[in-house]
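Here's coords.txt, which has compact mmCIF, C-alpha atoms:
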```txt
# COMPACT_ATOMS: atom_id res chain seq x y z
CA MET A 1 -10.98 8.94 -26.33
CA ARG A 2 -7.29 9.70 -25.85
CA PHE A 3 -4.93 8.52 -23.11
CA VAL A 4 -1.43 7.21 -22.45
CA HIS A 5 -1.09 4.14 -20.23
CA ASP A 6 2.12 2.75 -18.68
CA SER A 7 2.29 -0.95 -17.84
CA LEU A 8 5.16 -1.85 -15.54
CA PRO A 9 7.31 -4.91 -16.38
CA GLN A 10 7.11 -7.41 -13.55
CA ARG A 11 6.84 -11.16 -13.03
CA VAL A 12 4.22 -12.41 -10.55
CA CYS A 13 4.28 -15.89 -9.00
CA PHE A 14 1.06 -16.65 -7.07
CA GLY A 15 0.70 -19.92 -5.18
CA THR A 16 -0.37 -20.78 -1.65
CA GLY A 17 2.30 -22.73 0.21
CA GLU A 18 4.80 -22.23 -2.60
CA ALA A 19 6.87 -19.25 -1.43
CA GLY A 20 10.04 -21.27 -0.83
CA PRO A 21 10.14 -23.12 -4.16
CA ASN A 22 9.13 -19.97 -6.05
CA VAL A 23 11.86 -17.86 -4.44
CA GLN A 24 14.45 -20.56 -5.13
CA ARG A 25 13.41 -20.78 -8.78
CA GLU A 26 13.35 -17.00 -9.29
CA VAL A 27 16.74 -16.47 -7.65
CA GLY A 28 18.12 -19.08 -10.05
CA ARG A 29 16.35 -17.51 -13.02
CA LEU A 30 18.03 -14.19 -12.21
CA GLY A 31 21.40 -15.93 -12.00
CA ALA A 32 22.00 -14.63 -8.47
CA SER A 33 24.61 -16.15 -6.17
CA ARG A 34 24.83 -13.65 -3.30
CA VAL A 35 21.38 -13.03 -1.86
CA MET A 36 20.51 -10.40 0.74
CA VAL A 37 17.41 -11.38 2.70
CA ILE A 38 15.56 -8.51 4.40
CA SER A 39 12.97 -9.21 7.10
CA SER A 40 12.05 -7.87 10.50
CA LEU A 41 13.28 -9.85 13.50
CA ARG A 42 9.73 -11.07 14.05
CA GLU A 43 9.61 -12.41 10.49
CA ALA A 44 13.13 -13.89 10.64
CA PRO A 45 12.22 -17.54 11.36
CA ARG A 46 9.78 -17.59 8.46
CA ALA A 47 12.23 -15.79 6.19
CA ASP A 48 14.92 -18.32 7.07
CA LYS A 49 12.60 -21.15 6.09
CA ILE A 50 11.55 -19.55 2.80
CA THR A 51 15.16 -18.89 1.78
CA ALA A 52 16.68 -22.11 3.11
CA ASP A 53 17.58 -23.30 -0.39
CA VAL A 54 19.02 -20.09 -1.85
CA PRO A 55 22.62 -18.81 -1.62
CA VAL A 56 22.22 -16.28 1.20
CA ALA A 57 25.17 -13.93 1.73
CA LEU A 58 23.46 -11.64 4.25
CA ARG A 59 20.37 -11.61 6.48
CA HIS A 60 19.34 -8.08 7.45
CA HIS A 61 16.73 -7.28 10.12
CA ASP A 62 17.14 -3.51 10.66
CA VAL A 63 13.69 -2.50 9.34
CA ALA A 64 11.68 0.57 10.39
CA MET A 65 8.36 2.13 9.38
CA HIS A 66 8.52 4.87 6.71
CA VAL A 67 12.17 3.92 5.89
CA PRO A 68 14.25 6.49 7.80
CA VAL A 69 17.28 7.64 5.80
CA ASP A 70 19.75 6.30 8.38
CA VAL A 71 18.12 2.86 8.23
CA ALA A 72 18.34 2.94 4.43
CA ASP A 73 21.99 3.99 4.56
CA ARG A 74 22.92 1.11 6.86
CA ALA A 75 21.17 -1.37 4.59
CA ARG A 76 22.87 0.06 1.50
CA GLU A 77 26.28 -0.17 3.16
CA ALA A 78 25.65 -3.77 4.22
CA ALA A 79 24.55 -4.73 0.72
CA ALA A 80 27.61 -3.13 -0.85
CA LYS A 81 29.98 -4.72 1.66
CA GLU A 82 28.64 -8.20 0.87
CA ASP A 83 28.45 -7.52 -2.88
CA VAL A 84 24.89 -8.85 -3.06
CA ASP A 85 23.36 -9.43 -6.46
CA VAL A 86 19.68 -9.74 -5.48
CA VAL A 87 17.58 -8.62 -2.52
CA VAL A 88 14.76 -10.84 -1.26
CA ALA A 89 12.35 -8.80 0.89
CA ILE A 90 9.97 -10.82 3.07
CA GLY A 91 7.42 -8.80 5.02
CA GLY A 92 5.15 -5.80 4.76
CA GLY A 93 5.49 -2.40 3.15
CA SER A 94 8.38 -1.27 5.37
CA THR A 95 10.46 -4.27 4.36
CA THR A 96 9.70 -3.80 0.68
CA GLY A 97 10.43 -0.09 1.06
CA LEU A 98 13.88 -0.81 2.48
CA ALA A 99 14.67 -3.15 -0.41
CA LYS A 100 13.59 -0.38 -2.80
CA ALA A 101 15.95 2.05 -1.07
CA ILE A 102 18.83 -0.31 -1.81
CA ALA A 103 17.72 -0.76 -5.43
CA LEU A 104 17.38 3.01 -5.89
CA THR A 105 21.11 3.63 -5.43
CA SER A 106 22.55 0.29 -6.57
CA GLY A 107 20.22 -1.08 -9.23
CA VAL A 108 20.28 -4.50 -7.53
CA PRO A 109 17.10 -6.42 -8.46
CA VAL A 110 14.46 -7.11 -5.82
CA ILE A 111 12.29 -10.16 -5.24
CA ALA A 112 9.40 -9.17 -2.98
CA VAL A 113 7.53 -11.70 -0.82
CA PRO A 114 4.65 -9.74 0.77
CA THR A 115 3.12 -10.82 4.07
CA THR A 116 0.55 -7.99 4.14
CA TYR A 117 -1.72 -6.31 1.58
CA ALA A 118 0.34 -3.11 1.32
CA GLY A 119 0.83 -3.31 -2.45
CA SER A 120 4.23 -1.58 -2.45
CA GLU A 121 5.68 -4.59 -4.22
CA ALA A 122 3.77 -3.75 -7.42
CA THR A 123 4.81 -0.11 -7.72
CA ALA A 124 7.91 1.84 -8.72
CA VAL A 125 7.29 4.32 -5.90
CA TRP A 126 9.94 4.74 -3.19
CA GLY A 127 9.77 6.67 0.07
CA LEU A 128 12.39 7.86 2.56
CA THR A 129 11.93 9.81 5.77
CA SER A 130 14.39 12.37 7.12
CA GLY A 131 13.38 13.95 10.41
CA ASP A 132 9.64 14.59 10.06
CA VAL A 133 9.63 14.87 6.27
CA LYS A 134 8.78 11.91 4.06
CA THR A 135 9.99 12.22 0.48
CA THR A 136 8.59 10.00 -2.23
CA GLY A 137 9.50 9.48 -5.86
CA THR A 138 9.18 7.11 -8.78
CA ASP A 139 12.03 5.21 -10.39
CA ALA A 140 11.96 2.08 -12.54
CA LYS A 141 14.98 0.70 -10.65
CA VAL A 142 12.96 0.15 -7.47
CA LEU A 143 10.15 -1.87 -9.04
CA PRO A 144 10.64 -5.43 -7.74
CA ARG A 145 11.65 -7.67 -10.61
CA VAL A 146 9.56 -10.52 -9.19
CA VAL A 147 6.71 -10.72 -6.69
CA VAL A 148 6.09 -14.03 -4.93
CA TYR A 149 2.59 -14.16 -3.46
CA ASP A 150 1.70 -16.87 -0.94
CA ALA A 151 -1.58 -16.42 0.93
CA ALA A 152 -0.40 -18.76 3.68
CA LEU A 153 2.10 -16.08 4.72
CA THR A 154 -0.74 -13.65 5.52
CA VAL A 155 -2.66 -15.99 7.85
CA SER A 156 -0.62 -14.82 10.85
CA LEU A 157 -1.70 -11.21 10.16
CA PRO A 158 -4.45 -10.50 12.74
CA ALA A 159 -7.91 -9.77 11.37
CA GLU A 160 -7.85 -6.10 12.43
CA MET A 161 -4.46 -5.50 10.83
CA SER A 162 -5.60 -7.41 7.74
CA VAL A 163 -8.57 -5.05 7.45
CA ALA A 164 -6.40 -1.94 7.84
CA SER A 165 -3.96 -3.25 5.24
CA GLY A 166 -6.80 -4.20 2.91
CA LEU A 167 -8.37 -0.74 3.19
CA ASN A 168 -4.97 0.71 2.34
CA ALA A 169 -5.20 -1.33 -0.87
CA LEU A 170 -8.73 -0.02 -1.44
CA ALA A 171 -7.34 3.52 -1.12
CA HIS A 172 -5.01 2.69 -4.03
CA CYS A 173 -8.10 1.99 -6.12
CA VAL A 174 -9.99 5.11 -5.12
CA ASP A 175 -7.02 7.43 -5.62
CA SER A 176 -6.34 5.83 -9.02
CA LEU A 177 -9.66 7.09 -10.33
CA TRP A 178 -8.69 10.78 -10.04
CA ALA A 179 -4.89 10.63 -9.95
CA PRO A 180 -2.76 12.66 -12.39
CA ASN A 181 -2.43 9.76 -14.84
CA ALA A 182 -5.88 8.24 -14.44
CA ASP A 183 -7.04 6.42 -17.56
CA PRO A 184 -9.65 3.78 -18.52
CA ILE A 185 -7.23 0.87 -18.01
CA ASN A 186 -6.30 2.02 -14.52
CA ALA A 187 -10.00 2.48 -13.81
CA ALA A 188 -10.75 -1.10 -14.84
CA PHE A 189 -8.04 -2.44 -12.51
CA ALA A 190 -9.27 -0.17 -9.71
CA ALA A 191 -12.86 -1.32 -10.04
CA GLU A 192 -11.79 -4.98 -9.96
CA GLY A 193 -9.65 -4.25 -6.90
CA ILE A 194 -12.59 -2.68 -5.06
CA ARG A 195 -14.87 -5.60 -5.95
CA ALA A 196 -12.34 -8.21 -4.85
CA LEU A 197 -11.46 -6.41 -1.61
CA ALA A 198 -15.13 -5.91 -0.74
CA ALA A 199 -15.72 -9.62 -1.25
CA GLY A 200 -12.51 -10.85 0.38
CA LEU A 201 -12.13 -8.74 3.54
CA PRO A 202 -15.38 -9.95 5.19
CA ALA A 203 -14.27 -13.52 4.45
CA VAL A 204 -10.93 -12.90 6.18
CA VAL A 205 -12.71 -11.50 9.25
CA ALA A 206 -15.21 -14.36 9.32
CA GLU A 207 -12.46 -17.00 9.02
CA PRO A 208 -9.03 -15.49 9.75
CA SER A 209 -7.24 -18.80 9.20
CA GLY A 210 -9.09 -19.56 5.98
CA ILE A 211 -7.10 -19.51 2.75
CA PRO A 212 -9.79 -18.58 0.16
CA GLY A 213 -10.48 -15.16 1.69
CA ARG A 214 -6.76 -14.47 2.10
CA GLU A 215 -6.10 -15.41 -1.54
CA HIS A 216 -8.91 -13.12 -2.69
CA VAL A 217 -7.54 -10.13 -0.76
CA LEU A 218 -3.94 -10.80 -1.80
CA TYR A 219 -4.97 -10.90 -5.46
CA ALA A 220 -6.98 -7.71 -4.93
CA ALA A 221 -4.03 -5.96 -3.30
CA TYR A 222 -1.93 -6.66 -6.38
CA VAL A 223 -4.59 -5.47 -8.85
CA SER A 224 -5.11 -2.33 -6.75
CA ALA A 225 -1.41 -1.56 -6.66
CA VAL A 226 -1.10 -2.02 -10.43
CA ALA A 227 -3.79 0.63 -10.91
CA PHE A 228 -2.07 2.98 -8.47
CA ALA A 229 1.39 2.39 -9.97
CA SER A 230 0.21 3.64 -13.35
CA ALA A 231 -2.23 6.34 -12.26
CA GLY A 232 0.03 8.01 -9.69
CA SER A 233 -0.48 9.47 -6.25
CA ALA A 234 -3.56 11.62 -5.59
CA LEU A 235 -5.05 13.54 -2.67
CA HIS A 236 -5.50 10.61 -0.30
CA HIS A 237 -1.90 9.45 -0.56
CA LYS A 238 -0.52 12.97 -0.33
CA ILE A 239 -2.38 13.41 2.97
CA CYS A 240 -1.26 10.07 4.37
CA HIS A 241 2.37 10.46 3.33
CA VAL A 242 2.60 13.75 5.20
CA LEU A 243 0.87 12.32 8.28
CA GLY A 244 3.10 9.25 8.27
CA GLY A 245 6.37 11.11 7.80
CA LYS A 246 5.67 14.15 9.96
CA TYR A 247 3.91 12.44 12.87
CA ASN A 248 5.09 8.82 12.51
CA LEU A 249 1.54 7.52 12.22
CA PRO A 250 1.17 3.83 11.31
CA HIS A 251 0.83 3.43 7.55
CA ALA A 252 -2.11 1.06 7.08
CA GLN A 253 -4.26 2.45 9.90
CA THR A 254 -3.75 6.01 8.67
CA HIS A 255 -4.86 5.11 5.15
CA ALA A 256 -7.84 3.16 6.43
CA THR A 257 -8.97 6.05 8.63
CA VAL A 258 -8.55 8.87 6.11
CA LEU A 259 -10.09 7.11 3.08
CA PRO A 260 -13.83 7.75 3.68
CA TYR A 261 -13.24 11.46 4.28
CA VAL A 262 -11.32 11.88 1.02
CA LEU A 263 -14.07 9.98 -0.80
CA ALA A 264 -16.71 12.21 0.80
CA PHE A 265 -14.73 15.32 -0.18
CA ASN A 266 -13.85 14.41 -3.78
CA GLY A 267 -16.69 12.11 -4.76
CA PRO A 268 -19.41 14.66 -5.58
CA SER A 269 -16.98 16.44 -7.93
CA ALA A 270 -16.06 13.19 -9.71
CA PRO A 271 -19.39 11.62 -10.71
CA GLU A 272 -17.88 9.08 -13.14
CA ALA A 273 -15.43 7.84 -10.50
CA GLN A 274 -18.20 7.75 -7.90
CA ALA A 275 -20.39 5.68 -10.19
CA ARG A 276 -17.58 3.21 -10.88
CA ILE A 277 -16.82 2.80 -7.18
CA ALA A 278 -20.51 2.31 -6.35
CA SER A 279 -20.84 -0.27 -9.13
CA ALA A 280 -17.82 -2.18 -7.84
CA PHE A 281 -19.31 -2.35 -4.35
CA ALA A 282 -22.61 -3.47 -5.84
CA ALA A 283 -20.81 -6.28 -7.68
CA ALA A 284 -19.68 -7.51 -4.26
CA SER A 285 -23.27 -7.32 -2.97
CA LEU A 286 -22.55 -4.11 -1.08
CA GLY A 287 -24.64 -1.77 -3.19
CA ALA A 288 -26.06 1.18 -1.29
CA GLY A 289 -26.76 3.86 -3.86
CA SER A 290 -23.46 5.73 -3.72
CA ALA A 291 -19.72 5.15 -3.50
CA LEU A 292 -19.50 6.43 0.08
CA GLU A 293 -22.49 4.37 1.18
CA GLY A 294 -20.88 1.27 -0.32
CA LEU A 295 -17.66 1.94 1.56
CA GLN A 296 -19.57 2.55 4.79
CA VAL A 297 -21.53 -0.70 4.42
CA LEU A 298 -18.21 -2.52 4.04
CA ARG A 299 -16.64 -0.70 7.00
CA ALA A 300 -19.66 -1.50 9.17
CA ALA A 301 -18.99 -5.20 8.63
CA LEU A 302 -15.32 -4.96 9.59
CA PRO A 303 -13.16 -4.03 12.63
CA VAL A 304 -11.88 -0.81 11.07
CA PRO A 305 -9.64 2.02 12.34
CA ARG A 306 -11.91 5.00 12.96
CA ALA A 307 -10.02 8.01 14.33
CA LEU A 308 -6.56 9.48 13.81
CA ARG A 309 -6.45 10.48 17.47
CA ASP A 310 -6.17 6.77 18.26
CA TYR A 311 -2.83 6.59 16.41
CA GLY A 312 -0.92 9.55 17.80
CA LEU A 313 -2.15 12.65 15.94
CA THR A 314 -3.14 15.44 18.31
CA GLU A 315 -5.79 18.04 17.59
CA ALA A 316 -3.11 20.71 17.90
CA ASP A 317 -1.20 19.08 15.02
CA ILE A 318 -3.98 19.66 12.51
CA PRO A 319 -3.23 23.21 11.26
CA ALA A 320 0.46 22.45 10.64
CA ALA A 321 -0.44 19.16 8.97
CA ALA A 322 -2.86 20.93 6.62
CA GLU A 323 -0.22 23.52 5.68
CA ALA A 324 2.30 20.74 4.96
CA ILE A 325 -0.16 18.80 2.79
CA LEU A 326 -1.42 21.73 0.71
CA PRO A 327 1.64 22.15 -1.57
CA ALA A 328 1.52 18.43 -2.43
CA VAL A 329 -2.11 18.40 -3.61
CA PRO A 330 -2.14 17.45 -7.32
CA PRO A 331 -3.58 20.07 -9.71
CA SER A 332 -5.71 17.24 -11.17
CA ASN A 333 -7.77 16.87 -7.98
CA PRO A 334 -11.49 16.91 -8.90
CA ARG A 335 -12.16 20.01 -6.78
CA PRO A 336 -10.00 22.87 -5.51
CA VAL A 337 -8.40 22.29 -2.10
CA THR A 338 -7.63 24.98 0.46
CA ALA A 339 -5.84 24.77 3.79
CA ALA A 340 -9.21 25.27 5.47
CA ASP A 341 -10.61 22.27 3.53
CA LEU A 342 -7.72 20.13 4.71
CA GLU A 343 -8.12 21.27 8.31
CA ARG A 344 -11.80 20.36 8.19
CA LEU A 345 -11.05 16.96 6.65
CA LEU A 346 -8.32 16.20 9.18
CA GLN A 347 -10.50 17.36 12.06
CA ALA A 348 -13.23 14.93 11.02
CA ALA A 349 -10.73 12.08 10.58
CA TRP A 350 -9.07 12.95 13.90
CA ALA A 351 -12.39 12.74 15.74
CA GLY A 352 -13.77 9.80 13.78
CA ASP A 353 -16.88 11.75 12.72
CA ASP A 354 -19.41 10.16 10.40
CA PRO A 355 -17.95 10.79 6.90
CA ARG A 356 -21.47 10.93 5.46
CA GLU A 357 -21.91 14.24 7.28
CA PHE A 358 -18.68 15.59 5.81
CA ALA A 359 -18.49 17.13 2.33
```
Any chance you could give the structure as structure tokens?
Amino acid sequence: MRFVHDSLPQRVCFGTGEAGPNVQREVGRLGASRVMVISSLREAPRADKITADVPVALRHHDVAMHVPVDVADRAREAAAKEDVDVVVAIGGGSTTGLAKAIALTSGVPVIAVPTTYAGSEATAVWGLTSGDVKTTGTDAKVLPRVVVYDAALTVSLPAEMSVASGLNALAHCVDSLWAPNADPINAAFAAEGIRALAAGLPAVVAEPSGIPGREHVLYAAYVSAVAFASAGSALHHKICHVLGGKYNLPHAQTHATVLPYVLAFNGPSAPEAQARIASAFAAASLGAGSALEGLQVLRAALPVPRALRDYGLTEADIPAAAEAILPAVPPSNPRPVTAADLERLLQAAWAGDDPREFA
């Protein structure tokens, strides 16, 4: 056996109902005195409460999905004008992504306080959108220095959105098993992420206000993102990044919709990964003989996104989308990928066809 594994340096503070005290302590530990707080306007009252006891120099609410370059530029200018020395990002992946954009050009440390299961807070991946092109990259500067997890902050996330966000996390796990830097350590994290998500998501749906299920999924989202951060981006994420940037499709719902089709396409050519995924589902009492069957059993129990046409992609967009995705497909993908393959995959995901009939 031979592999190289990268572990990213990051402090994680996990405690339900403890976001405020944890943020205050971590701001002090970093020696910060001019804090920039980023949140959407909807999240602003909660962000104000969480950061009530820290030295806030600026509250910034100009947040947009996929981090458009002009939005990033305005945030960078505001941060520089106020000479901030730490950014506290409270919200979902778009909020974390904006904080990363600031860190990318300034090196200012980030404290991330996630309110969804996006997982961006645990990776050194950044993304910016210019026009209809989303560019992504990896840089150690954007990795949040601290992540403050508080399951109570996710209770307001509706069950359907929680499921979409959780399946986005599950996509991190699946992609990690055949990504360019896949290794046995990433695979172990990915398998644990799948198990925990498969156990936690039904609990969130059954009791949306319950804390145990939320804690389970939040923990799983972190483990999943750690696997993805080390393994790198594979076919699923390349597809979804193009769809998000080019057609402004919603991030979590796009990932949740595309995932079973990528698993159906790649799985037969990656038997070891398939077996690991199936075993993880079985450990959560969702065993069904194969990785795809396990995923489908889970999806059948949840209010899941099912068709890309429901989120703004038109059938006429498919050929151009396939052509845009093809150059980004990693050479390490378990099977060769052609534009025709991508068109067929996108057509099935657009229509919401049964992924078990797609291969």
*For Gly312 in chain A, please output as an MDAnalysis selection string all residues within 9 Å (counting all atoms listed in the file; exclusion window: fewer than 6 positions along the same chain).*
chainID A and resid 247:250
Restricting it to C-alpha atoms, dump the selection as a PDB file, keeping the file's coordinate frame.
```
ATOM      1  CA  TYR A 247       3.910  12.440  12.870  1.00  0.00           C
ATOM      2  CA  ASN A 248       5.090   8.820  12.510  1.00  0.00           C
ATOM      3  CA  LEU A 249       1.540   7.520  12.220  1.00  0.00           C
ATOM      4  CA  PRO A 250       1.170   3.830  11.310  1.00  0.00           C
TER       5      PRO A 250
END
```
Query raised in the report: Do you have the CA of Ala151 in chain A-CA of Ala256 in chain A distance handy?
Result: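 Computing the Euclidean distance for CA of Ala151 in chain A and CA of Ala256 in chain A yields 21.3 Å.
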query = Near Pro158 in chain A, within 12 Å and counting all atoms listed in the file, which residues show up once chain neighbours fewer than 4 positions away are dropped, as a list in words?
reply =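 Returned residues: Thr115, Thr116, Leu153, Thr154, Ser162, Val163, Ala164, Ser165, Gly166, Val204, Val205, Ala206, Glu207, Pro208, Ser209, Arg214 and Pro303 of chain A.
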Include C-alpha atoms and write out the residues we just selected as a short mmCIF file (atom, residue, chain, number, x, y, z; two decimals), in the coordinates of the input.
```
data_model
loop_
_atom_site.label_atom_id
_atom_site.label_comp_id
_atom_site.auth_asym_id
_atom_site.auth_seq_id
_atom_site.Cartn_x
_atom_site.Cartn_y
_atom_site.Cartn_z
CA THR A 115 3.12 -10.82 4.07
CA THR A 116 0.55 -7.99 4.14
CA LEU A 153 2.10 -16.08 4.72
CA THR A 154 -0.74 -13.65 5.52
CA SER A 162 -5.60 -7.41 7.74
CA VAL A 163 -8.57 -5.05 7.45
CA ALA A 164 -6.40 -1.94 7.84
CA SER A 165 -3.96 -3.25 5.24
CA GLY A 166 -6.80 -4.20 2.91
CA VAL A 204 -10.93 -12.90 6.18
CA VAL A 205 -12.71 -11.50 9.25
CA ALA A 206 -15.21 -14.36 9.32
CA GLU A 207 -12.46 -17.00 9.02
CA PRO A 208 -9.03 -15.49 9.75
CA SER A 209 -7.24 -18.80 9.20
CA ARG A 214 -6.76 -14.47 2.10
CA PRO A 303 -13.16 -4.03 12.63
#
```
Choose the residue, out of A:Ala340, A:Val56, A:Val84, A:Leu30, that has the smallest atom-to-atom separation from Arg145 in chain A; count all atoms listed in the file.
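Closest candidate: A:Leu30.
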TODO: Grab the CA of Arg309 in chain A to CA of Trp350 in chain A distance for me, in Å with one decimal place.
DONE: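 Value for the CA of Arg309 in chain A-CA of Trp350 in chain A distance: 5.1 Å.
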Between CA of Leu143 in chain A and CA of Ser106 in chain A lies a distance of 12.8 Å
Listed atoms of range 158-161 of chain A, axis-aligned box, 8 Å per side: centre and edge lengths to one decimal in Å, as AutoDock Vina command-line options?
```
--center_x -6.2 --center_y -8.0 --center_z 11.8 --size_x 19.5 --size_y 21.0 --size_z 17.9
```
Neighbouring residues of Leu346 in chain A were defined as those with any atom within 9 Å, considering all atoms listed in the file; residues of the same chain fewer than 4 positions away were excluded. Please report them as a PDB file with C-alpha atoms, keeping the file's coordinate frame.
```pdb
ATOM      1  CA  VAL A 258      -8.550   8.870   6.110  1.00  0.00           C
ATOM      2  CA  TYR A 261     -13.240  11.460   4.280  1.00  0.00           C
ATOM      3  CA  LEU A 308      -6.560   9.480  13.810  1.00  0.00           C
ATOM      4  CA  GLU A 315      -5.790  18.040  17.590  1.00  0.00           C
ATOM      5  CA  ILE A 318      -3.980  19.660  12.510  1.00  0.00           C
ATOM      6  CA  PRO A 319      -3.230  23.210  11.260  1.00  0.00           C
ATOM      7  CA  ALA A 321      -0.440  19.160   8.970  1.00  0.00           C
ATOM      8  CA  ALA A 322      -2.860  20.930   6.620  1.00  0.00           C
ATOM      9  CA  ASP A 341     -10.610  22.270   3.530  1.00  0.00           C
ATOM     10  CA  LEU A 342      -7.720  20.130   4.710  1.00  0.00           C
ATOM     11  CA  TRP A 350      -9.070  12.950  13.900  1.00  0.00           C
ATOM     12  CA  ALA A 351     -12.390  12.740  15.740  1.00  0.00           C
TER      13      ALA A 351
END
```
May I have the residues within 12 Å of Asp132 in chain A as a ChimeraX atom specification, using all atoms listed in the file and disregarding those fewer than 2 positions away in the same chain?
/A:66-69,128-130,134-135,241-249,321,324
| query | Got a sec: who's within 7 Å of Arg195 in chain A, counting all atoms listed in the file, leaving out chain neighbours fewer than 5 positions off, as a PyMOL selection string? | reply | chain A and resi 280-281+283-284
